[in-house]
Each structure stands twice: as structure tokens, then as C-alpha cells.
file input_7.txt (compact mmCIF, C-alpha atoms)
# COMPACT_ATOMS: atom_id res chain seq x y z
CA MET A 13 100.53 117.80 77.13
CA LEU A 14 98.17 117.93 80.12
CA ALA A 15 97.87 114.61 81.99
CA GLN A 16 101.08 113.16 80.62
CA ARG A 17 100.83 110.95 83.71
CA PRO A 18 97.81 110.13 85.90
CA PRO A 19 96.96 113.18 88.02
CA MET A 20 97.52 112.93 91.78
CA GLY A 21 95.72 114.90 94.46
CA TRP A 22 92.93 114.98 97.04
CA ASN A 23 89.13 115.23 96.71
CA SER A 24 86.66 116.24 99.41
CA TRP A 25 83.82 113.82 98.61
CA ASN A 26 84.77 110.47 100.13
CA THR A 27 85.20 111.79 103.66
CA PHE A 28 83.32 115.08 103.86
CA GLY A 29 80.45 115.02 101.35
CA GLU A 30 78.48 118.23 101.81
CA ASN A 31 80.38 119.19 104.98
CA ILE A 32 82.97 121.34 103.25
CA SER A 33 84.27 124.83 104.00
CA GLU A 34 86.96 127.32 103.15
CA ALA A 35 88.79 126.46 106.38
CA LEU A 36 88.75 122.72 105.61
CA ILE A 37 90.15 123.21 102.12
CA MET A 38 92.90 125.56 103.31
CA GLU A 39 93.86 123.22 106.16
CA THR A 40 93.99 120.33 103.69
CA ALA A 41 96.28 122.32 101.40
CA ASP A 42 98.52 123.02 104.39
CA ALA A 43 98.56 119.32 105.30
CA MET A 44 99.37 118.31 101.72
CA VAL A 45 102.59 120.29 102.00
CA GLU A 46 103.47 119.75 105.67
CA ARG A 47 102.93 115.96 105.62
CA GLY A 48 105.07 115.41 102.54
CA LEU A 49 102.32 114.53 100.08
CA LYS A 50 103.17 117.37 97.73
CA ASP A 51 106.77 116.19 97.57
CA ALA A 52 105.47 112.66 96.82
CA GLY A 53 103.67 113.98 93.71
CA TYR A 54 100.17 114.94 94.90
CA GLU A 55 99.28 118.40 93.60
CA TYR A 56 95.51 118.88 93.11
CA ILE A 57 93.11 119.98 95.87
CA VAL A 58 89.62 119.33 94.50
CA ILE A 59 86.31 120.54 95.97
CA ASP A 60 83.50 118.15 95.05
CA ASP A 61 79.71 118.71 95.10
CA CYS A 62 77.75 121.03 97.47
CA TRP A 63 79.93 124.14 97.23
CA SER A 64 77.37 126.55 95.68
CA LEU A 65 74.03 128.14 96.44
CA ARG A 66 70.92 126.35 95.18
CA LYS A 67 70.23 129.01 92.53
CA ARG A 68 72.39 130.87 90.05
CA GLY A 69 72.96 134.61 90.41
CA GLU A 70 71.21 137.28 88.38
CA ASP A 71 74.08 137.24 85.89
CA GLY A 72 73.54 133.52 85.34
CA ARG A 73 76.74 132.46 87.09
CA ILE A 74 77.00 129.80 89.80
CA VAL A 75 77.43 131.45 93.22
CA PRO A 76 79.68 129.95 95.91
CA ASP A 77 77.86 129.44 99.23
CA PRO A 78 78.98 132.45 101.33
CA GLN A 79 78.49 130.49 104.55
CA LYS A 80 80.93 127.80 103.44
CA PHE A 81 83.26 129.97 101.36
CA PRO A 82 83.04 133.52 102.70
CA HIS A 83 85.96 134.87 100.67
CA GLY A 84 84.93 133.22 97.39
CA MET A 85 86.74 130.80 95.13
CA LYS A 86 89.37 133.13 93.68
CA TYR A 87 90.66 133.75 97.22
CA LEU A 88 90.81 130.00 97.84
CA ALA A 89 92.52 129.32 94.52
CA ASP A 90 95.14 131.95 95.27
CA TYR A 91 95.83 130.37 98.66
CA ILE A 92 96.20 126.89 97.16
CA HIS A 93 98.48 128.23 94.41
CA SER A 94 100.62 129.97 97.04
CA LYS A 95 101.36 126.51 98.43
CA GLY A 96 102.64 125.32 95.06
CA LEU A 97 99.47 123.24 94.57
CA LYS A 98 96.66 123.31 92.01
CA PHE A 99 92.95 123.98 92.52
CA GLY A 100 90.09 121.75 91.36
CA MET A 101 86.31 122.13 91.39
CA TYR A 102 83.17 120.18 90.50
CA THR A 103 80.08 120.63 88.39
CA CYS A 104 77.72 118.38 86.44
CA ALA A 105 76.67 117.81 82.82
CA GLY A 106 72.98 117.75 83.83
CA THR A 107 70.50 120.36 84.95
CA MET A 108 71.51 119.72 88.58
CA THR A 109 74.46 118.17 90.33
CA CYS A 110 74.01 114.84 92.09
CA ALA A 111 73.19 116.70 95.31
CA CYS A 112 70.71 118.98 93.47
CA TYR A 113 72.80 122.13 93.16
CA PRO A 114 72.92 123.99 89.81
CA GLY A 115 74.38 121.90 86.99
CA SER A 116 76.11 123.19 83.87
CA TYR A 117 73.62 122.00 81.26
CA ASP A 118 73.27 124.78 78.64
CA HIS A 119 75.68 126.93 80.72
CA GLU A 120 78.91 125.17 79.74
CA PHE A 121 80.78 128.11 78.24
CA LEU A 122 79.72 130.52 80.99
CA ASP A 123 80.68 128.08 83.74
CA ALA A 124 84.00 127.17 82.14
CA GLN A 125 84.94 130.84 81.92
CA THR A 126 83.84 131.38 85.52
CA PHE A 127 86.08 128.55 86.68
CA ALA A 128 88.98 129.90 84.62
CA ASP A 129 88.48 133.38 86.09
CA TRP A 130 88.68 131.87 89.58
CA GLY A 131 91.95 130.11 88.77
CA VAL A 132 90.68 126.53 88.53
CA ASP A 133 93.18 123.95 87.24
CA TYR A 134 91.02 120.80 87.35
CA LEU A 135 87.31 120.23 86.69
CA LYS A 136 85.42 117.12 87.76
CA TYR A 137 82.32 116.89 85.52
CA ASP A 138 79.59 114.57 86.85
CA ASN A 139 76.64 112.90 85.09
CA CYS A 140 73.45 113.40 87.14
CA TYR A 141 70.11 114.80 85.91
CA VAL A 142 71.01 114.67 82.22
CA PRO A 143 67.92 115.03 79.97
CA GLU A 144 67.09 111.70 78.37
CA HIS A 145 67.08 113.01 74.80
CA VAL A 146 70.63 114.42 74.99
CA SER A 147 73.70 112.55 73.75
CA SER A 148 76.25 111.97 76.51
CA PRO A 149 79.23 112.32 74.13
CA MET A 150 77.78 115.62 72.89
CA LEU A 151 77.40 117.01 76.42
CA TYR A 152 80.94 116.06 77.37
CA ARG A 153 82.20 117.47 74.06
CA ARG A 154 80.50 120.77 74.90
CA MET A 155 82.37 121.18 78.16
CA GLY A 156 85.59 120.02 76.54
CA MET A 157 85.22 122.81 73.96
CA ALA A 158 84.22 125.32 76.64
CA LEU A 159 87.29 124.61 78.74
CA LYS A 160 89.57 124.98 75.71
CA ALA A 161 87.86 128.29 74.84
CA THR A 162 88.97 129.82 78.16
CA GLY A 163 92.61 129.59 77.15
CA ARG A 164 93.50 128.17 80.58
CA ASP A 165 95.05 124.74 81.08
CA ILE A 166 92.38 122.81 83.01
CA ILE A 167 92.43 119.06 83.58
CA TYR A 168 89.08 117.73 82.37
CA SER A 169 87.89 114.88 84.60
CA MET A 170 84.83 113.27 83.01
CA CYS A 171 82.83 111.48 85.71
CA ASN A 172 80.14 109.69 83.70
CA TRP A 173 80.42 106.37 85.64
CA GLY A 174 81.40 104.28 82.61
CA CYS A 175 78.10 104.90 80.80
CA ASP A 176 77.72 104.86 77.01
CA ASP A 177 81.08 103.10 76.47
CA VAL A 178 82.91 106.24 77.59
CA HIS A 179 86.27 104.50 77.19
CA SER A 180 85.72 104.50 73.42
CA TRP A 181 85.16 108.28 73.03
CA ALA A 182 86.58 110.09 76.09
CA ARG A 183 89.80 111.06 74.35
CA SER A 184 87.99 112.38 71.27
CA VAL A 185 85.91 114.91 73.27
CA GLY A 186 88.90 116.41 75.08
CA GLY A 187 88.84 114.40 78.31
CA HIS A 188 92.00 113.89 80.33
CA ILE A 189 90.36 111.45 82.77
CA TYR A 190 87.22 109.36 82.35
CA ARG A 191 85.42 107.64 85.21
CA SER A 192 84.72 104.10 84.15
CA THR A 193 82.82 102.80 87.19
CA GLY A 194 80.13 103.56 89.72
CA ASP A 195 81.08 105.05 93.08
CA ILE A 196 83.61 103.36 95.33
CA TYR A 197 82.80 102.56 98.98
CA ASP A 198 85.16 101.94 101.85
CA ASN A 199 85.28 98.15 101.83
CA THR A 200 87.24 95.41 100.13
CA GLU A 201 84.45 94.06 97.96
CA SER A 202 83.86 97.49 96.43
CA PHE A 203 87.43 98.14 95.27
CA ARG A 204 87.93 94.52 94.19
CA ASN A 205 84.83 94.51 91.97
CA ILE A 206 85.77 97.87 90.47
CA ALA A 207 89.29 96.71 89.63
CA ILE A 208 88.24 93.41 88.06
CA SER A 209 85.50 95.08 86.00
CA GLN A 210 88.00 97.36 84.30
CA ILE A 211 90.77 94.93 83.36
CA PRO A 212 89.34 94.38 79.83
CA LYS A 213 89.09 98.15 79.18
CA LEU A 214 92.45 99.39 80.43
CA GLY A 215 93.99 99.29 76.95
CA TYR A 216 92.12 102.51 76.11
CA SER A 217 94.03 104.39 78.83
CA ALA A 218 97.24 106.21 77.81
CA PRO A 219 99.13 109.48 78.33
CA GLY A 220 96.75 112.38 77.84
CA CYS A 221 93.60 110.43 78.75
CA PHE A 222 93.44 107.98 81.67
CA ASN A 223 90.87 105.50 82.92
CA ASP A 224 89.71 106.70 86.36
CA VAL A 225 88.53 103.85 88.61
CA ASP A 226 87.40 106.36 91.28
CA MET A 227 89.00 107.98 94.29
CA LEU A 228 91.12 106.28 96.95
CA ILE A 229 89.65 105.01 100.21
CA CYS A 230 93.02 104.33 101.91
CA GLY A 231 92.96 105.32 105.58
CA MET A 232 89.25 106.07 105.86
CA GLY A 233 88.73 103.30 108.40
CA GLY A 234 85.02 102.92 107.68
CA ASN A 235 84.31 106.59 108.45
CA GLY A 236 83.15 109.47 106.31
CA ASN A 237 80.75 109.99 103.45
CA VAL A 238 81.44 106.65 101.70
CA GLY A 239 82.40 104.73 104.84
CA ALA A 240 81.07 101.19 104.54
CA GLY A 241 82.89 98.90 106.93
CA GLY A 242 86.46 99.88 106.21
CA CYS A 243 89.50 97.76 105.35
CA THR A 244 92.57 96.42 107.10
CA ALA A 245 96.00 97.95 106.46
CA ASP A 246 96.86 95.05 104.11
CA GLU A 247 93.60 95.52 102.21
CA TYR A 248 94.27 99.25 101.78
CA LYS A 249 97.67 98.31 100.35
CA MET A 250 95.92 95.97 97.91
CA HIS A 251 93.63 98.81 96.88
CA PHE A 252 96.40 101.37 96.46
CA SER A 253 98.68 99.03 94.54
CA LEU A 254 95.83 97.98 92.20
CA TRP A 255 95.16 101.65 91.37
CA CYS A 256 98.90 102.12 90.75
CA MET A 257 99.10 99.06 88.51
CA MET A 258 96.11 100.26 86.48
CA ASN A 259 97.44 103.82 85.98
CA SER A 260 94.38 105.29 87.64
CA PRO A 261 94.54 108.88 88.87
CA LEU A 262 95.48 108.83 92.56
CA MET A 263 92.96 111.11 94.28
CA ILE A 264 93.16 110.72 98.06
CA GLY A 265 89.79 110.47 99.81
CA CYS A 266 90.70 110.36 103.50
CA ASP A 267 91.24 113.31 105.86
CA ILE A 268 94.95 113.92 105.33
CA ARG A 269 95.04 116.36 108.25
CA ASN A 270 94.48 113.49 110.68
CA CYS A 271 95.36 110.23 108.91
CA ASP A 272 97.77 107.90 110.72
CA GLU A 273 101.41 107.40 109.83
CA ASP A 274 100.81 103.99 108.24
CA THR A 275 98.30 105.51 105.83
CA LEU A 276 100.67 108.37 105.09
CA ALA A 277 103.52 105.93 104.39
CA LEU A 278 101.31 103.95 102.00
CA LEU A 279 100.14 107.04 100.12
CA LYS A 280 103.76 108.19 99.77
CA ASN A 281 105.21 104.78 98.92
CA PRO A 282 107.78 105.71 96.24
CA ALA A 283 107.94 102.27 94.59
CA LEU A 284 104.18 102.08 94.10
CA ILE A 285 103.88 105.70 92.95
CA ALA A 286 106.67 105.07 90.44
CA ILE A 287 104.57 102.26 88.93
CA ASN A 288 101.58 104.58 88.61
CA GLN A 289 103.63 107.46 87.22
CA ASP A 290 105.74 105.43 84.81
CA GLU A 291 106.30 107.47 81.67
CA GLU A 292 105.07 104.76 79.30
CA ALA A 293 101.78 104.36 81.23
CA ARG A 294 101.15 100.87 79.90
CA PRO A 295 98.17 98.91 81.31
CA PRO A 296 98.68 95.53 82.99
CA ILE A 297 97.58 92.16 81.67
CA MET A 298 96.08 89.30 83.64
CA VAL A 299 98.58 86.43 83.75
CA PHE A 300 96.90 84.26 86.39
CA ARG A 301 93.38 83.65 87.72
CA CYS A 302 92.72 80.94 90.27
CA ALA A 303 90.57 78.14 88.86
CA GLY A 304 87.19 78.21 90.59
CA TYR A 305 87.90 81.56 92.29
CA PRO A 306 88.99 83.87 89.46
CA ASP A 307 87.96 87.06 91.27
CA LYS A 308 89.63 86.15 94.56
CA SER A 309 93.15 85.24 93.48
CA PHE A 310 94.78 86.72 90.41
CA ALA A 311 98.03 88.21 89.16
CA LEU A 312 98.75 91.22 86.95
CA PHE A 313 101.88 91.76 84.86
CA LYS A 314 102.92 95.20 83.69
CA HIS A 315 105.53 96.57 81.27
CA LEU A 316 107.44 99.59 82.63
CA SER A 317 109.86 101.97 80.95
CA GLY A 318 113.55 101.11 80.77
CA ASN A 319 112.97 97.43 79.95
CA ARG A 320 111.53 96.82 83.42
CA TYR A 321 108.46 94.86 84.52
CA CYS A 322 106.26 94.42 87.57
CA LEU A 323 104.20 91.44 88.78
CA ALA A 324 101.46 91.82 91.39
CA HIS A 325 99.63 88.91 93.06
CA TYR A 326 96.31 89.70 94.80
CA ASN A 327 94.69 87.26 97.22
CA PHE A 328 91.20 88.09 98.50
CA HIS A 329 90.84 84.69 100.24
CA ASP A 330 91.15 84.46 104.01
CA ASP A 331 93.85 81.78 103.59
CA ASN A 332 97.14 81.65 101.70
CA SER A 333 96.97 81.38 97.92
CA TRP A 334 99.52 80.00 95.47
CA THR A 335 100.03 81.04 91.89
CA HIS A 336 101.22 78.49 89.35
CA MET A 337 102.20 80.45 86.26
CA PHE A 338 104.00 79.26 83.15
CA LEU A 339 106.53 81.65 81.65
CA GLU A 340 104.52 81.30 78.47
CA ASN A 341 101.93 83.50 80.21
CA PHE A 342 104.49 86.31 80.32
CA GLY A 343 105.50 85.86 76.68
CA ILE A 344 108.65 83.79 77.25
CA PRO A 345 108.54 80.39 75.50
CA GLU A 346 110.70 77.49 76.62
CA THR A 347 112.74 77.70 73.41
CA SER A 348 113.65 81.38 73.88
CA GLY A 349 116.76 80.83 75.97
CA TYR A 350 115.49 83.35 78.51
CA THR A 351 113.88 83.24 81.93
CA ILE A 352 112.92 85.76 84.63
CA GLU A 353 114.14 86.84 88.04
CA LEU A 354 111.73 88.28 90.61
CA PHE A 355 112.57 90.55 93.52
CA ASP A 356 110.05 91.09 96.32
CA MET A 357 109.41 94.85 96.46
CA ASP A 358 109.03 94.75 100.26
CA THR A 359 111.84 92.41 101.29
CA GLY A 360 114.18 92.29 98.29
CA ASP A 361 114.05 88.48 98.32
CA LYS A 362 114.84 86.85 94.98
CA TYR A 363 112.61 84.25 93.31
CA LEU A 364 113.30 82.09 90.26
CA PRO A 365 110.99 79.89 88.17
CA ASP A 366 111.30 76.12 88.46
CA ASP A 367 111.31 74.31 85.09
CA GLY A 368 109.43 77.11 83.38
CA THR A 369 106.82 77.43 86.12
CA LEU A 370 106.60 80.22 88.69
CA ASN A 371 105.12 79.24 92.06
CA LEU A 372 104.47 82.11 94.46
CA ASN A 373 102.62 82.28 97.77
CA CYS A 374 100.53 85.22 98.97
CA PRO A 375 99.03 85.45 102.48
CA GLY A 376 95.28 85.85 102.88
CA ARG A 377 93.72 89.26 102.16
CA SER A 378 96.96 90.81 101.02
CA CYS A 379 99.15 91.30 97.97
CA LYS A 380 102.72 90.70 96.89
CA LEU A 381 104.52 92.84 94.32
CA TYR A 382 107.71 91.94 92.49
CA GLU A 383 110.19 93.68 90.25
CA VAL A 384 110.80 91.45 87.23
CA LYS A 385 113.89 91.13 85.06
CA ILE A 386 114.31 89.06 81.91
CA VAL A 387 117.65 87.24 81.90
CA LYS A 388 119.37 84.58 79.83
CA ARG A 389 119.14 81.06 81.16
call {"tool": "encode", "arguments": {"input": "input_7.txt", "output": "C-alpha cells"}}
result
Amino acid sequence: MLAQRPPMGWNSWNTFGENISEALIMETADAMVERGLKDAGYEYIVIDDCWSLRKRGEDGRIVPDPQKFPHGMKYLADYIHSKGLKFGMYTCAGTMTCACYPGSYDHEFLDAQTFADWGVDYLKYDNCYVPEHVSSPMLYRRMGMALKATGRDIIYSMCNWGCDDVHSWARSVGGHIYRSTGDIYDNTESFRNIAISQIPKLGYSAPGCFNDVDMLICGMGGNGNVGAGGCTADEYKMHFSLWCMMNSPLMIGCDIRNCDEDTLALLKNPALIAINQDEEARPPIMVFRCAGYPDKSFALFKHLSGNRYCLAHYNFHDDNSWTHMFLENFGIPETSGYTIELFDMDTGDKYLPDDGTLNLNCPGRSCKLYEVKIVKR
């Protein structure tokens, strides 16, 4: 099965926008390997919008911009494959892409075959300039059928921004990933609002078809195409761990050729990646929301494979925040004869509930994650 776990990789849009080139993509592929990201699980190098000429060729096919990609896309795909990585590209369900390059509307089967001929392994399919009379599920079904018709295994990333209740039909039209939100920007408010908005819908996400809450902003530092103030190191950790808890695809958006070592360590954090890549891919549940400030202090609880669990406390306040959670919230009644043990994933410190209540402190604008075990009292 394709997308047995959330795909991991890198996408050009967040940092570079239209400023992409063959050299940039090849250097990024090199960096993916040399900086240990491939070994950490990242495998897709995805070119986003602005890679083609403004008009199709005489044969009807989309033409790569020869100034940006002088050797063409097959050459680039072969280079990326030689690194043990996979190659991804972008097009749009409408008549034009979001940046007004040729879209795939009424050219789905031709474009899918073109991508397959080039060696594409991942297609991001956007939602701009779609004619008003056309059904969104029908358009995304078309490309799903077209990709299957090529005979090539291609991850189908449906980027329709959460429109038309996409979570309810993405799997049925062949999607492996469905974008459920608008675009992310490089600031704390953006990723917080995205995460909270999707908590009620995460139950639709499962192996084979995952809820995509957009690309990562870790390490961007307020720069680049979606730079909008930036985040602190602790806030980037909040962002990354939220995406891991929610089983979102992990598509890096920063310049991995030049990102600092702290960013690299976060992106390669094995404990967090293991949560994201857990074989059962179960969504989290909300077990705590601060009264009066439900979007600024909350906790998520997640079932993992092997009878394991994870608890994550997020505090978007400037000051410390306490959680006061009853074990009932986790599904453990007082009469069960069981309790829980928590182990801080950073320090290894052990925490126990007091009289059926769990009281945990989280510093301002940061998060705390715990491994959880159920034990007899």
C-alpha cells in the first residue's frame, strides 16, 4: 500500500516560491542525504508551483521552463533517484495553477502520463482556478484515475485546502494525502489555529490516506516565501510535535542546505518521528483544554502500537500553565484498579497522578511530551 505511513520529504514552496531551479533542487537532494535527513526517514523532494512555461507545447504537454530546468525533468528525476530519494512535482485541478501557469483541467490523463514518463513519484494537486460549475470530488477523482492509468506508483497529494468536506471523500477518489486547511505561515498563531481547527476531523485520517495540515515551517526564521514573523526554537518544537501527534505528512519547508544544527536536530528527532510514523497511525484525542483559554493551553493523548501511549501538553501563554486532568479523561475509572506512569520524553523524569488527578506544568510558549504506561495500582 502506498502511504502506509505519512510521507516525509521537502517541498520548495515555503522558502523559495517561484525562485526555483535545477541547481537548487539537486543541491537540496544532496543536502537531504549529507545532513542525515534521508536516514531519518525523509525521502521526497517536491517541486511546487512555477516550474513550467506559461503555455503548453504544440503537443499539448506542459513544458518545463528551460531557464530554470535546462536539462528537463527526467534528468532531474534520475539525479534524485540516484541519491536513493523520490521525486515530486506540482500541478493544479483548475485551468491555471495558483501562480497562473498551465493547470491540468481537461488534461488530467495527458499530464499524469507525462509525469510518469519523467519518473515522478509524488504529485501535489492544487485547487486554484477551478470552474464554478465543476464538482471538486469529480475533478480530484479524474486525476486519481489518471495517475492509476499510468501504471506507476505515485503518491497523490490532494491540496484542496479543506474545501467541500474533503475529509469525507478523499480516500474514495484515490487520494493518499488531503490538505485540510488554508496555507500555513511562519508564525505561532498560524500553526496553532491550523492544528486546533483539525482536531475534530483527524478521525478520518488512517494508513493509505492522511490528513495533511500543510508543510513545516521549522527553521525558517521569518524568512522566505511564507515568512511572517518567525517562531522561537521552542515554538518550532511545538509546531513539529503537533504535526507528529496528528499524523500529518512531514514536508520540510526551510532551506535544508543552510538550516542550523538546532533545526536539523528537531527535524531528525527520533522520538517525535516515531510518533508520526507509528504503524497504527491513530489520531490523538483532546484530554484537556484550559477553562477560559481553550486554544492557548491544551493536551492531546494518543494511542501508539505495542500498548504504548503519548501525552502532549501545549502552552501558548507567555506564562507557565498547569493541567489538571482526571484519569477518567484517559479512559481509566477509579474502580479499574489501574493508573498511569508518565516519563518526560526530554529528561526521562517520572510523574505519577495524585488521587486520580494528573497535575503537570508547562513553561510559557512551549510543550511537554510524555511517554505513558498503564500500570496496576
call {"tool": "atom_distance", "arguments": {"input": "input_7.txt", "atom1": "atom CA of Leu88 of chain A", "atom2": "atom CA of Arg73 of chain A"}}
result
17.9 Å
call {"tool": "residues_around", "arguments": {"input": "input_7.txt", "residues": "Asp331 of chain A", "least_positions_apart": "2", "cutoff": "8 Å", "atoms": "only C-alpha atoms", "output": "CSV table (one decimal) with C-alpha atoms, in the coordinates of the input"}}
result
chain,number,residue,atom,x,y,z
A,329,HIS,CA,90.8,84.7,100.2
A,333,SER,CA,97.0,81.4,97.9
A,375,PRO,CA,99.0,85.4,102.5
A,376,GLY,CA,95.3,85.8,102.9
A,377,ARG,CA,93.7,89.3,102.2
call {"tool": "residues_around", "arguments": {"input": "input_7.txt", "residues": "segment 246-250 of chain A", "least_positions_apart": "2", "cutoff": "10 Å", "atoms": "all atoms listed in the file", "output": "number ranges by chain"}}
result
A: 198-200, 203-204, 228-233, 242-244, 252-256, 275, 278-279, 284, 324-328, 375-381
call {"tool": "residues_around", "arguments": {"input": "input_7.txt", "residues": "Ile208 of chain A", "least_positions_apart": "5", "cutoff": "12 Å", "atoms": "all atoms listed in the file", "output": "list in words"}}
result
Ser192, Thr193, Glu201, Ser202, Phe203, Lys213, Leu214, Val225, His251, Leu254, Trp255, Met258, Pro296, Ile297, Met298, Arg301, Pro306, Asp307, Lys308, Ser309, Phe310, Ala311, Leu312 and Tyr326 of chain A
call {"tool": "closest_residue", "arguments": {"input": "input_7.txt", "among": "A:Phe81, A:Val299, A:Asn235, A:Ile211", "to": "Cys271 of chain A", "atoms": "all atoms listed in the file"}}
result
A:Asn235
call {"tool": "closest_residue", "arguments": {"input": "input_7.txt", "among": "A:Gly100, A:Gly265, A:Gly174, A:Gly241", "to": "Trp63 of chain A", "atoms": "all atoms listed in the file"}}
result
A:Gly100
call {"tool": "residues_near_point", "arguments": {"input": "input_7.txt", "point": "(113.7, 93.6, 90.3)", "cutoff": "10 Å", "atoms": "all atoms listed in the file", "output": "VMD selection string"}}
result
chain A and resid 320 to 323 352 to 357 360 to 363 382 to 386
call {"tool": "decode", "arguments": {"input": "input_7.txt", "residues": "segment 20-33 of chain A", "atoms": "N, CA, C and O atoms", "output": "mmCIF file, in the first residue's frame"}}
result
data_model
loop_
_atom_site.group_PDB
_atom_site.id
_atom_site.type_symbol
_atom_site.label_atom_id
_atom_site.label_comp_id
_atom_site.auth_asym_id
_atom_site.auth_seq_id
_atom_site.Cartn_x
_atom_site.Cartn_y
_atom_site.Cartn_z
ATOM 1 N N MET A 20 7.176 11.649 4.178
ATOM 2 C CA MET A 20 8.140 12.613 4.711
ATOM 3 C C MET A 20 9.027 13.104 3.573
ATOM 4 O O MET A 20 9.456 12.309 2.733
ATOM 5 N N GLY A 21 9.293 14.406 3.553
ATOM 6 C CA GLY A 21 10.142 14.931 2.492
ATOM 7 C C GLY A 21 10.358 16.420 2.623
ATOM 8 O O GLY A 21 10.329 16.992 3.720
ATOM 9 N N TRP A 22 10.571 17.069 1.483
ATOM 10 C CA TRP A 22 10.850 18.507 1.409
ATOM 11 C C TRP A 22 10.086 19.079 0.223
ATOM 12 O O TRP A 22 9.956 18.433 -0.815
ATOM 13 N N ASN A 23 9.576 20.303 0.386
ATOM 14 C CA ASN A 23 8.856 21.000 -0.685
ATOM 15 C C ASN A 23 9.436 22.399 -0.849
ATOM 16 O O ASN A 23 9.794 23.056 0.127
ATOM 17 N N SER A 24 9.491 22.867 -2.071
ATOM 18 C CA SER A 24 10.179 24.125 -2.395
ATOM 19 C C SER A 24 9.397 25.383 -2.031
ATOM 20 O O SER A 24 9.978 26.475 -1.929
ATOM 21 N N TRP A 25 8.083 25.293 -1.809
ATOM 22 C CA TRP A 25 7.238 26.482 -1.785
ATOM 23 C C TRP A 25 7.500 27.423 -0.612
ATOM 24 O O TRP A 25 7.614 28.632 -0.793
ATOM 25 N N ASN A 26 7.553 26.895 0.597
ATOM 26 C CA ASN A 26 7.582 27.765 1.775
ATOM 27 C C ASN A 26 8.742 28.738 1.761
ATOM 28 O O ASN A 26 8.586 29.902 2.141
ATOM 29 N N THR A 27 9.900 28.294 1.324
ATOM 30 C CA THR A 27 11.070 29.172 1.309
ATOM 31 C C THR A 27 11.267 29.846 -0.037
ATOM 32 O O THR A 27 11.528 31.058 -0.100
ATOM 33 N N PHE A 28 11.128 29.121 -1.137
ATOM 34 C CA PHE A 28 11.607 29.626 -2.418
ATOM 35 C C PHE A 28 10.516 30.148 -3.353
ATOM 36 O O PHE A 28 10.819 30.941 -4.254
ATOM 37 N N GLY A 29 9.259 29.743 -3.181
ATOM 38 C CA GLY A 29 8.219 30.226 -4.084
ATOM 39 C C GLY A 29 8.598 29.987 -5.535
ATOM 40 O O GLY A 29 8.926 28.869 -5.938
ATOM 41 N N GLU A 30 8.577 31.056 -6.337
ATOM 42 C CA GLU A 30 8.887 30.925 -7.756
ATOM 43 C C GLU A 30 10.391 30.852 -8.036
ATOM 44 O O GLU A 30 10.802 30.556 -9.160
ATOM 45 N N ASN A 31 11.201 31.102 -7.033
ATOM 46 C CA ASN A 31 12.660 31.159 -7.241
ATOM 47 C C ASN A 31 13.282 29.770 -7.132
ATOM 48 O O ASN A 31 14.054 29.465 -6.220
ATOM 49 N N ILE A 32 12.930 28.920 -8.071
ATOM 50 C CA ILE A 32 13.399 27.542 -8.082
ATOM 51 C C ILE A 32 14.243 27.290 -9.324
ATOM 52 O O ILE A 32 14.129 28.005 -10.323
ATOM 53 N N SER A 33 15.086 26.269 -9.250
ATOM 54 C CA SER A 33 15.966 25.947 -10.373
ATOM 55 C C SER A 33 16.448 24.510 -10.241
ATOM 56 O O SER A 33 16.360 23.896 -9.174
#
